[in-house]
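One file, input-v6.csv, carrying CSV, N, CA, C and O atoms and all ligand atoms:
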```csv
chain,number,residue,atom,x,y,z
K,1,MET,N,267.5,-57.2,-13.1
K,1,MET,CA,268.6,-57.5,-14.0
K,1,MET,C,269.0,-56.3,-14.8
K,1,MET,O,268.1,-55.7,-15.4
K,2,THR,N,270.2,-56.0,-14.9
K,2,THR,CA,270.7,-54.9,-15.7
K,2,THR,C,271.3,-55.5,-17.0
K,2,THR,O,272.1,-56.4,-16.9
K,3,VAL,N,270.9,-54.9,-18.1
K,3,VAL,CA,271.5,-55.3,-19.4
K,3,VAL,C,272.4,-54.1,-19.8
K,3,VAL,O,272.0,-53.0,-20.0
K,4,PRO,N,273.7,-54.4,-19.9
K,4,PRO,CA,274.6,-53.4,-20.3
K,4,PRO,C,274.5,-53.0,-21.7
K,4,PRO,O,274.4,-53.8,-22.6
K,5,HIS,N,274.5,-51.7,-22.0
K,5,HIS,CA,274.5,-51.1,-23.3
K,5,HIS,C,275.6,-50.2,-23.5
K,5,HIS,O,275.6,-49.0,-23.0
K,6,PRO,N,276.7,-50.6,-24.0
K,6,PRO,CA,277.9,-49.8,-24.2
K,6,PRO,C,277.6,-48.6,-25.1
K,6,PRO,O,276.8,-48.7,-26.0
K,7,ARG,N,278.2,-47.5,-24.8
K,7,ARG,CA,278.0,-46.3,-25.6
K,7,ARG,C,278.7,-46.5,-27.0
K,7,ARG,O,279.8,-47.1,-27.0
K,8,PRO,N,278.1,-46.0,-28.0
K,8,PRO,CA,278.8,-46.1,-29.3
K,8,PRO,C,280.1,-45.3,-29.3
K,8,PRO,O,280.3,-44.3,-28.6
K,9,THR,N,281.1,-45.8,-30.0
K,9,THR,CA,282.4,-45.2,-30.0
K,9,THR,C,282.5,-44.2,-31.2
K,9,THR,O,283.4,-43.3,-31.1
K,10,GLN,N,281.7,-44.3,-32.2
K,10,GLN,CA,281.7,-43.3,-33.3
K,10,GLN,C,280.8,-42.1,-33.0
K,10,GLN,O,279.9,-42.3,-32.2
K,11,LEU,N,281.1,-41.0,-33.6
K,11,LEU,CA,280.3,-39.8,-33.4
K,11,LEU,C,278.9,-39.9,-33.8
K,11,LEU,O,278.0,-39.5,-33.1
K,12,ARG,N,278.6,-40.6,-34.9
K,12,ARG,CA,277.3,-40.7,-35.4
K,12,ARG,C,277.0,-42.2,-35.7
K,12,ARG,O,277.9,-42.9,-36.2
K,13,VAL,N,275.8,-42.7,-35.4
K,13,VAL,CA,275.4,-44.0,-35.6
K,13,VAL,C,274.6,-44.1,-36.8
K,13,VAL,O,273.6,-43.3,-37.0
K,14,GLU,N,275.0,-45.0,-37.8
K,14,GLU,CA,274.3,-45.0,-39.1
K,14,GLU,C,274.0,-46.5,-39.4
K,14,GLU,O,274.6,-47.4,-38.9
K,15,VAL,N,272.9,-46.7,-40.2
K,15,VAL,CA,272.6,-48.1,-40.7
K,15,VAL,C,273.3,-48.2,-42.1
K,15,VAL,O,273.5,-47.2,-42.8
K,16,THR,N,273.6,-49.4,-42.4
K,16,THR,CA,274.1,-49.7,-43.8
K,16,THR,C,273.0,-49.7,-44.8
K,16,THR,O,272.0,-50.4,-44.6
K,17,ARG,N,273.1,-48.9,-45.8
K,17,ARG,CA,272.1,-48.8,-46.9
K,17,ARG,C,272.6,-49.6,-48.1
K,17,ARG,O,273.7,-49.3,-48.6
K,18,GLN,N,271.8,-50.6,-48.5
K,18,GLN,CA,272.1,-51.4,-49.6
K,18,GLN,C,271.5,-50.8,-50.9
K,18,GLN,O,270.2,-50.6,-50.9
K,19,PRO,N,272.3,-50.6,-51.9
K,19,PRO,CA,271.7,-50.1,-53.2
K,19,PRO,C,270.7,-51.1,-53.8
K,19,PRO,O,271.0,-52.3,-53.7
K,20,VAL,N,269.6,-50.6,-54.3
K,20,VAL,CA,268.6,-51.5,-54.9
K,20,VAL,C,268.4,-51.0,-56.4
K,20,VAL,O,268.3,-49.8,-56.6
K,21,ALA,N,268.3,-51.9,-57.3
K,21,ALA,CA,268.0,-51.5,-58.7
K,21,ALA,C,266.5,-51.0,-58.8
K,21,ALA,O,265.6,-51.5,-58.1
K,22,GLY,N,266.3,-50.1,-59.7
K,22,GLY,CA,265.0,-49.6,-59.9
K,22,GLY,C,264.9,-48.0,-59.8
K,22,GLY,O,266.0,-47.4,-59.6
K,23,ARG,N,263.8,-47.5,-60.1
K,23,ARG,CA,263.6,-46.1,-60.2
K,23,ARG,C,262.6,-45.6,-59.1
K,23,ARG,O,261.7,-46.4,-58.7
K,24,CYS,N,262.8,-44.4,-58.6
K,24,CYS,CA,261.9,-43.9,-57.6
K,24,CYS,C,260.5,-43.6,-58.2
K,24,CYS,O,260.5,-43.1,-59.3
K,25,PRO,N,259.4,-44.0,-57.6
K,25,PRO,CA,258.1,-43.8,-58.1
K,25,PRO,C,257.7,-42.3,-58.2
K,25,PRO,O,256.8,-41.9,-58.9
K,26,GLU,N,258.4,-41.4,-57.5
K,26,GLU,CA,258.1,-40.0,-57.5
K,26,GLU,C,259.0,-39.2,-58.4
K,26,GLU,O,258.5,-38.5,-59.3
K,27,CYS,N,260.3,-39.2,-58.2
K,27,CYS,CA,261.2,-38.4,-58.9
K,27,CYS,C,262.0,-39.1,-60.0
K,27,CYS,O,262.8,-38.5,-60.8
K,28,HIS,N,261.8,-40.4,-60.2
K,28,HIS,CA,262.3,-41.3,-61.2
K,28,HIS,C,263.9,-41.4,-61.1
K,28,HIS,O,264.5,-41.8,-62.1
K,29,ALA,N,264.5,-41.0,-60.0
K,29,ALA,CA,265.9,-41.2,-59.9
K,29,ALA,C,266.3,-42.6,-59.6
K,29,ALA,O,265.5,-43.4,-59.0
K,30,GLU,N,267.4,-43.1,-60.1
K,30,GLU,CA,267.8,-44.5,-59.9
K,30,GLU,C,268.7,-44.5,-58.7
K,30,GLU,O,269.9,-44.8,-58.7
K,31,GLU,N,268.2,-44.1,-57.5
K,31,GLU,CA,269.0,-44.0,-56.3
K,31,GLU,C,268.2,-44.6,-55.1
K,31,GLU,O,268.0,-44.0,-54.1
K,32,LEU,N,267.7,-45.9,-55.3
K,32,LEU,CA,267.0,-46.6,-54.3
K,32,LEU,C,267.9,-47.3,-53.4
K,32,LEU,O,268.9,-47.9,-53.8
K,33,HIS,N,267.6,-47.3,-52.1
K,33,HIS,CA,268.4,-48.0,-51.1
K,33,HIS,C,267.5,-48.7,-50.1
K,33,HIS,O,266.5,-48.1,-49.7
K,34,ALA,N,267.9,-49.9,-49.7
K,34,ALA,CA,267.1,-50.6,-48.7
K,34,ALA,C,267.8,-50.5,-47.3
K,34,ALA,O,269.0,-50.7,-47.2
K,35,TYR,N,267.0,-50.2,-46.3
K,35,TYR,CA,267.5,-50.2,-45.0
K,35,TYR,C,266.4,-50.2,-44.0
K,35,TYR,O,265.2,-49.9,-44.3
K,36,PRO,N,266.7,-50.6,-42.7
K,36,PRO,CA,265.6,-50.7,-41.7
K,36,PRO,C,265.3,-49.3,-41.2
K,36,PRO,O,266.2,-48.4,-41.0
K,37,VAL,N,264.0,-49.1,-40.9
K,37,VAL,CA,263.5,-47.8,-40.4
K,37,VAL,C,262.6,-48.1,-39.2
K,37,VAL,O,261.8,-49.0,-39.3
K,38,LEU,N,262.8,-47.3,-38.2
K,38,LEU,CA,261.9,-47.4,-37.0
K,38,LEU,C,260.8,-46.3,-37.2
K,38,LEU,O,261.1,-45.1,-37.1
K,39,SER,N,259.6,-46.8,-37.4
K,39,SER,CA,258.5,-45.8,-37.6
K,39,SER,C,257.4,-46.0,-36.5
K,39,SER,O,257.6,-46.8,-35.6
K,40,GLU,N,256.3,-45.3,-36.6
K,40,GLU,CA,255.3,-45.4,-35.6
K,40,GLU,C,254.6,-46.8,-35.7
K,40,GLU,O,253.9,-47.2,-34.7
K,41,GLU,N,254.8,-47.5,-36.7
K,41,GLU,CA,254.3,-48.9,-36.9
K,41,GLU,C,255.2,-49.9,-36.4
K,41,GLU,O,254.9,-51.1,-36.4
K,42,GLY,N,256.4,-49.5,-35.9
K,42,GLY,CA,257.4,-50.5,-35.5
K,42,GLY,C,258.5,-50.5,-36.6
K,42,GLY,O,258.6,-49.6,-37.4
K,43,TRP,N,259.4,-51.6,-36.6
K,43,TRP,CA,260.5,-51.6,-37.5
K,43,TRP,C,260.0,-52.0,-38.9
K,43,TRP,O,259.1,-52.9,-39.0
K,44,ILE,N,260.4,-51.3,-39.9
K,44,ILE,CA,260.0,-51.5,-41.3
K,44,ILE,C,261.3,-51.7,-42.1
K,44,ILE,O,262.3,-51.1,-41.9
K,45,ASP,N,261.2,-52.7,-43.0
K,45,ASP,CA,262.3,-52.9,-44.0
K,45,ASP,C,261.8,-52.1,-45.2
K,45,ASP,O,260.9,-52.4,-45.9
K,46,ALA,N,262.5,-50.9,-45.4
K,46,ALA,CA,262.0,-50.0,-46.4
K,46,ALA,C,263.0,-49.9,-47.5
K,46,ALA,O,264.2,-50.1,-47.4
K,47,VAL,N,262.5,-49.6,-48.7
K,47,VAL,CA,263.3,-49.2,-49.9
K,47,VAL,C,262.9,-47.8,-50.2
K,47,VAL,O,261.8,-47.5,-50.5
K,48,LYS,N,263.9,-46.8,-50.0
K,48,LYS,CA,263.6,-45.4,-50.1
K,48,LYS,C,264.5,-44.8,-51.1
K,48,LYS,O,265.7,-45.2,-51.4
K,49,CYS,N,264.1,-43.7,-51.7
K,49,CYS,CA,264.9,-42.9,-52.7
K,49,CYS,C,265.8,-42.0,-51.9
K,49,CYS,O,265.5,-41.3,-50.9
K,50,ALA,N,267.1,-42.1,-52.3
K,50,ALA,CA,268.1,-41.2,-51.6
K,50,ALA,C,268.0,-39.8,-52.0
K,50,ALA,O,268.5,-38.9,-51.2
K,51,ARG,N,267.3,-39.4,-53.0
K,51,ARG,CA,267.2,-38.1,-53.5
K,51,ARG,C,266.0,-37.4,-52.8
K,51,ARG,O,266.1,-36.3,-52.2
K,52,CYS,N,264.8,-38.0,-52.8
K,52,CYS,CA,263.6,-37.3,-52.3
K,52,CYS,C,263.0,-38.0,-51.1
K,52,CYS,O,262.0,-37.6,-50.5
K,53,LEU,N,263.5,-39.2,-50.6
K,53,LEU,CA,263.1,-39.9,-49.5
K,53,LEU,C,261.7,-40.6,-49.6
K,53,LEU,O,261.1,-41.0,-48.7
K,54,CYS,N,261.2,-40.6,-50.8
K,54,CYS,CA,260.0,-41.4,-51.1
K,54,CYS,C,260.2,-42.8,-50.8
K,54,CYS,O,261.2,-43.4,-51.1
K,55,SER,N,259.2,-43.5,-50.2
K,55,SER,CA,259.3,-44.9,-50.0
K,55,SER,C,258.8,-45.7,-51.2
K,55,SER,O,257.6,-45.5,-51.6
K,56,ALA,N,259.7,-46.5,-51.8
K,56,ALA,CA,259.3,-47.4,-52.9
K,56,ALA,C,258.6,-48.6,-52.4
K,56,ALA,O,257.7,-49.2,-53.1
K,57,SER,N,259.0,-49.1,-51.2
K,57,SER,CA,258.3,-50.2,-50.6
K,57,SER,C,258.5,-50.2,-49.1
K,57,SER,O,259.6,-49.7,-48.6
K,58,ARG,N,257.6,-50.7,-48.4
K,58,ARG,CA,257.7,-50.8,-46.9
K,58,ARG,C,257.0,-52.1,-46.5
K,58,ARG,O,255.9,-52.4,-46.8
K,59,THR,N,257.9,-53.0,-45.9
K,59,THR,CA,257.3,-54.3,-45.4
K,59,THR,C,257.7,-54.4,-43.9
K,59,THR,O,258.7,-53.9,-43.5
K,60,PRO,N,256.8,-55.0,-43.1
K,60,PRO,CA,257.1,-55.2,-41.7
K,60,PRO,C,258.5,-55.9,-41.5
K,60,PRO,O,258.8,-56.9,-42.1
K,61,GLY,N,259.3,-55.3,-40.6
K,61,GLY,CA,260.6,-55.8,-40.3
K,61,GLY,C,260.6,-56.7,-39.1
K,61,GLY,O,259.6,-57.0,-38.6
K,62,PRO,N,261.8,-57.0,-38.6
K,62,PRO,CA,261.9,-57.7,-37.3
K,62,PRO,C,261.2,-57.0,-36.2
K,62,PRO,O,261.3,-55.8,-36.1
K,63,ARG,N,260.6,-57.7,-35.3
K,63,ARG,CA,259.8,-57.2,-34.2
K,63,ARG,C,260.6,-56.2,-33.4
K,63,ARG,O,260.1,-55.2,-33.0
K,64,LEU,N,261.8,-56.6,-33.1
K,64,LEU,CA,262.7,-55.7,-32.2
K,64,LEU,C,263.8,-55.1,-32.9
K,64,LEU,O,264.8,-54.7,-32.3
K,65,GLY,N,263.7,-55.0,-34.2
K,65,GLY,CA,264.8,-54.4,-35.0
K,65,GLY,C,266.1,-55.2,-35.0
K,65,GLY,O,266.1,-56.4,-35.4
K,66,PRO,N,267.2,-54.6,-34.6
K,66,PRO,CA,268.5,-55.3,-34.6
K,66,PRO,C,268.6,-56.3,-33.6
K,66,PRO,O,269.5,-57.1,-33.6
K,67,ILE,N,267.7,-56.4,-32.6
K,67,ILE,CA,267.8,-57.4,-31.6
K,67,ILE,C,267.0,-58.6,-32.0
K,67,ILE,O,265.8,-58.6,-32.3
K,68,THR,N,267.7,-59.8,-32.0
K,68,THR,CA,267.0,-61.0,-32.4
K,68,THR,C,266.9,-61.9,-31.2
K,68,THR,O,267.8,-62.3,-30.6
K,69,LEU,N,265.6,-62.3,-30.9
K,69,LEU,CA,265.4,-63.2,-29.8
K,69,LEU,C,265.6,-64.6,-30.3
K,69,LEU,O,265.3,-64.9,-31.5
K,70,LEU,N,266.0,-65.5,-29.4
K,70,LEU,CA,266.2,-66.9,-29.8
K,70,LEU,C,264.9,-67.5,-30.3
K,70,LEU,O,264.9,-68.3,-31.2
K,71,SER,N,263.8,-67.1,-29.7
K,71,SER,CA,262.5,-67.6,-30.1
K,71,SER,C,262.1,-67.2,-31.5
K,71,SER,O,261.3,-67.9,-32.1
K,72,ASP,N,262.7,-66.1,-32.0
K,72,ASP,CA,262.4,-65.7,-33.3
K,72,ASP,C,263.1,-66.5,-34.4
K,72,ASP,O,262.8,-66.4,-35.6
K,73,THR,N,264.1,-67.3,-34.0
K,73,THR,CA,264.9,-68.1,-34.9
K,73,THR,C,264.3,-69.5,-35.1
K,73,THR,O,264.8,-70.2,-36.0
K,74,ILE,N,263.3,-69.8,-34.4
K,74,ILE,CA,262.7,-71.1,-34.5
K,74,ILE,C,261.7,-71.1,-35.7
K,74,ILE,O,260.8,-70.3,-35.8
K,75,PRO,N,261.9,-72.1,-36.7
K,75,PRO,CA,261.0,-72.1,-37.8
K,75,PRO,C,259.6,-72.4,-37.4
K,75,PRO,O,259.3,-73.1,-36.5
K,76,ARG,N,258.6,-71.7,-38.0
K,76,ARG,CA,257.2,-71.8,-37.7
K,76,ARG,C,256.5,-72.6,-38.8
K,76,ARG,O,257.0,-72.7,-39.9
K,77,GLY,N,255.3,-73.1,-38.5
K,77,GLY,CA,254.4,-73.7,-39.5
K,77,GLY,C,254.6,-75.2,-39.6
K,77,GLY,O,254.0,-75.8,-40.4
K,78,ARG,N,255.5,-75.8,-38.8
K,78,ARG,CA,255.7,-77.2,-38.9
K,78,ARG,C,255.2,-77.9,-37.6
K,78,ARG,O,255.7,-77.5,-36.5
K,79,ALA,N,254.3,-78.8,-37.7
K,79,ALA,CA,253.8,-79.5,-36.5
K,79,ALA,C,254.8,-80.6,-36.1
K,79,ALA,O,255.4,-81.2,-37.0
K,80,ALA,N,254.9,-80.7,-34.8
K,80,ALA,CA,255.9,-81.8,-34.3
K,80,ALA,C,255.3,-83.1,-34.3
K,80,ALA,O,254.1,-83.4,-34.4
K,101,ZN,ZN,262.8,-39.9,-55.5
```

Could you quickly redo this structure as structure tokens?
Ligand SMILES: [Zn+2]
Amino acid sequence: MTVPHPRPTQLRVEVTRQPVAGRCPECHAEELHAYPVLSEEGWIDAVKCARCLCSASRTPGPRLGPITLLSDTIPRGRAA
């Protein structure tokens, strides 16, 4: 089975960075942004400083990043 992946139409592909209140733990700049990061650990929901790239927080993100499986949308923890 072939899954089509169309080529991006824009020159550069970027993620949307959401501004977050707070200060960087390293340089104390008030320039924190939240965005998904693909690291060696898998997808991470990170809050990083826009000035020095220090990570203010890193939490495990969606297993496949921007791809959501139907099975991932089923609520867990409730017995039938
Ligand atoms: Zn910083």

* Please extract the residues at most 10 Å from ligand ZN 101 (chain K), counting only C-alpha atoms and all ligand atoms, and provide them as a list in words, using the chain letters and residue numbers of this document. =>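 With only C-alpha atoms and all ligand atoms and a cut-off of 10 Å, ligand ZN 101 (chain K) is contacted by Arg23, Cys24, Pro25, Glu26, Cys27, His28, Ala29, Glu30, Glu31, Leu32, Lys48, Cys49, Ala50, Arg51, Cys52, Leu53, Cys54, Ser55 and Ala56 of chain K.
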
* So which bits of chain K end up helix (DSSP H, G or I) when you DSSP the backbone, as a ChimeraX atom specification? -> /K:70-73

* Could you give me, as an MDAnalysis selection string, the residues that sit within 12 Å of (255.0, -50.5, -33.5) in the file's coordinates, counting only C-alpha atoms? => chainID K and resid 37:44 60:65

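Pairwise distance (atom N of Ala21 (chain K), atom N of His33 (chain K)) equals 7.0 Å.
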
* **Å distance separating atom O of Thr16 (chain K) from atom C of Ala46 (chain K), one decimal place** =>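 Distance between the two atoms: 9.5 Å.
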
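Put simply, CA of Val3 (chain K) is 22.5 Å away from CA of Val15 (chain K).
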
What residues in chain K get the DSSP label strand (DSSP E or B)? Please answer as a CSV table (one decimal) with N, CA, C and O atoms, keeping the file's coordinate frame.
```csv
chain,number,residue,atom,x,y,z
K,18,GLN,N,271.8,-50.6,-48.5
K,18,GLN,CA,272.1,-51.4,-49.6
K,18,GLN,C,271.5,-50.8,-50.9
K,18,GLN,O,270.2,-50.6,-50.9
K,19,PRO,N,272.3,-50.6,-51.9
K,19,PRO,CA,271.7,-50.1,-53.2
K,19,PRO,C,270.7,-51.1,-53.8
K,19,PRO,O,271.0,-52.3,-53.7
K,20,VAL,N,269.6,-50.6,-54.3
K,20,VAL,CA,268.6,-51.5,-54.9
K,20,VAL,C,268.4,-51.0,-56.4
K,20,VAL,O,268.3,-49.8,-56.6
K,32,LEU,N,267.7,-45.9,-55.3
K,32,LEU,CA,267.0,-46.6,-54.3
K,32,LEU,C,267.9,-47.3,-53.4
K,32,LEU,O,268.9,-47.9,-53.8
K,33,HIS,N,267.6,-47.3,-52.1
K,33,HIS,CA,268.4,-48.0,-51.1
K,33,HIS,C,267.5,-48.7,-50.1
K,33,HIS,O,266.5,-48.1,-49.7
K,34,ALA,N,267.9,-49.9,-49.7
K,34,ALA,CA,267.1,-50.6,-48.7
K,34,ALA,C,267.8,-50.5,-47.3
K,34,ALA,O,269.0,-50.7,-47.2
K,35,TYR,N,267.0,-50.2,-46.3
K,35,TYR,CA,267.5,-50.2,-45.0
K,35,TYR,C,266.4,-50.2,-44.0
K,35,TYR,O,265.2,-49.9,-44.3
K,36,PRO,N,266.7,-50.6,-42.7
K,36,PRO,CA,265.6,-50.7,-41.7
K,36,PRO,C,265.3,-49.3,-41.2
K,36,PRO,O,266.2,-48.4,-41.0
K,37,VAL,N,264.0,-49.1,-40.9
K,37,VAL,CA,263.5,-47.8,-40.4
K,37,VAL,C,262.6,-48.1,-39.2
K,37,VAL,O,261.8,-49.0,-39.3
K,38,LEU,N,262.8,-47.3,-38.2
K,38,LEU,CA,261.9,-47.4,-37.0
K,38,LEU,C,260.8,-46.3,-37.2
K,38,LEU,O,261.1,-45.1,-37.1
K,39,SER,N,259.6,-46.8,-37.4
K,39,SER,CA,258.5,-45.8,-37.6
K,39,SER,C,257.4,-46.0,-36.5
K,39,SER,O,257.6,-46.8,-35.6
K,42,GLY,N,256.4,-49.5,-35.9
K,42,GLY,CA,257.4,-50.5,-35.5
K,42,GLY,C,258.5,-50.5,-36.6
K,42,GLY,O,258.6,-49.6,-37.4
K,43,TRP,N,259.4,-51.6,-36.6
K,43,TRP,CA,260.5,-51.6,-37.5
K,43,TRP,C,260.0,-52.0,-38.9
K,43,TRP,O,259.1,-52.9,-39.0
K,44,ILE,N,260.4,-51.3,-39.9
K,44,ILE,CA,260.0,-51.5,-41.3
K,44,ILE,C,261.3,-51.7,-42.1
K,44,ILE,O,262.3,-51.1,-41.9
K,45,ASP,N,261.2,-52.7,-43.0
K,45,ASP,CA,262.3,-52.9,-44.0
K,45,ASP,C,261.8,-52.1,-45.2
K,45,ASP,O,260.9,-52.4,-45.9
K,46,ALA,N,262.5,-50.9,-45.4
K,46,ALA,CA,262.0,-50.0,-46.4
K,46,ALA,C,263.0,-49.9,-47.5
K,46,ALA,O,264.2,-50.1,-47.4
K,47,VAL,N,262.5,-49.6,-48.7
K,47,VAL,CA,263.3,-49.2,-49.9
K,47,VAL,C,262.9,-47.8,-50.2
K,47,VAL,O,261.8,-47.5,-50.5
K,48,LYS,N,263.9,-46.8,-50.0
K,48,LYS,CA,263.6,-45.4,-50.1
K,48,LYS,C,264.5,-44.8,-51.1
K,48,LYS,O,265.7,-45.2,-51.4
K,49,CYS,N,264.1,-43.7,-51.7
K,49,CYS,CA,264.9,-42.9,-52.7
K,49,CYS,C,265.8,-42.0,-51.9
K,49,CYS,O,265.5,-41.3,-50.9
K,55,SER,N,259.2,-43.5,-50.2
K,55,SER,CA,259.3,-44.9,-50.0
K,55,SER,C,258.8,-45.7,-51.2
K,55,SER,O,257.6,-45.5,-51.6
K,56,ALA,N,259.7,-46.5,-51.8
K,56,ALA,CA,259.3,-47.4,-52.9
K,56,ALA,C,258.6,-48.6,-52.4
K,56,ALA,O,257.7,-49.2,-53.1
K,57,SER,N,259.0,-49.1,-51.2
K,57,SER,CA,258.3,-50.2,-50.6
K,57,SER,C,258.5,-50.2,-49.1
K,57,SER,O,259.6,-49.7,-48.6
K,58,ARG,N,257.6,-50.7,-48.4
K,58,ARG,CA,257.7,-50.8,-46.9
K,58,ARG,C,257.0,-52.1,-46.5
K,58,ARG,O,255.9,-52.4,-46.8
K,59,THR,N,257.9,-53.0,-45.9
K,59,THR,CA,257.3,-54.3,-45.4
K,59,THR,C,257.7,-54.4,-43.9
K,59,THR,O,258.7,-53.9,-43.5
K,60,PRO,N,256.8,-55.0,-43.1
K,60,PRO,CA,257.1,-55.2,-41.7
K,60,PRO,C,258.5,-55.9,-41.5
K,60,PRO,O,258.8,-56.9,-42.1
```

First collect every listed atom of region 41-60 of chain K; then fit an axis-aligned box around them, widen it by 4 Å on each side, and give centre and edge lengths in Å to one decimal, as lines of an AutoDock Vina configuration file.
```
center_x = 261.4
center_y = -46.6
center_z = -44.5
size_x = 22.2
size_y = 28.6
size_z = 26.0
```
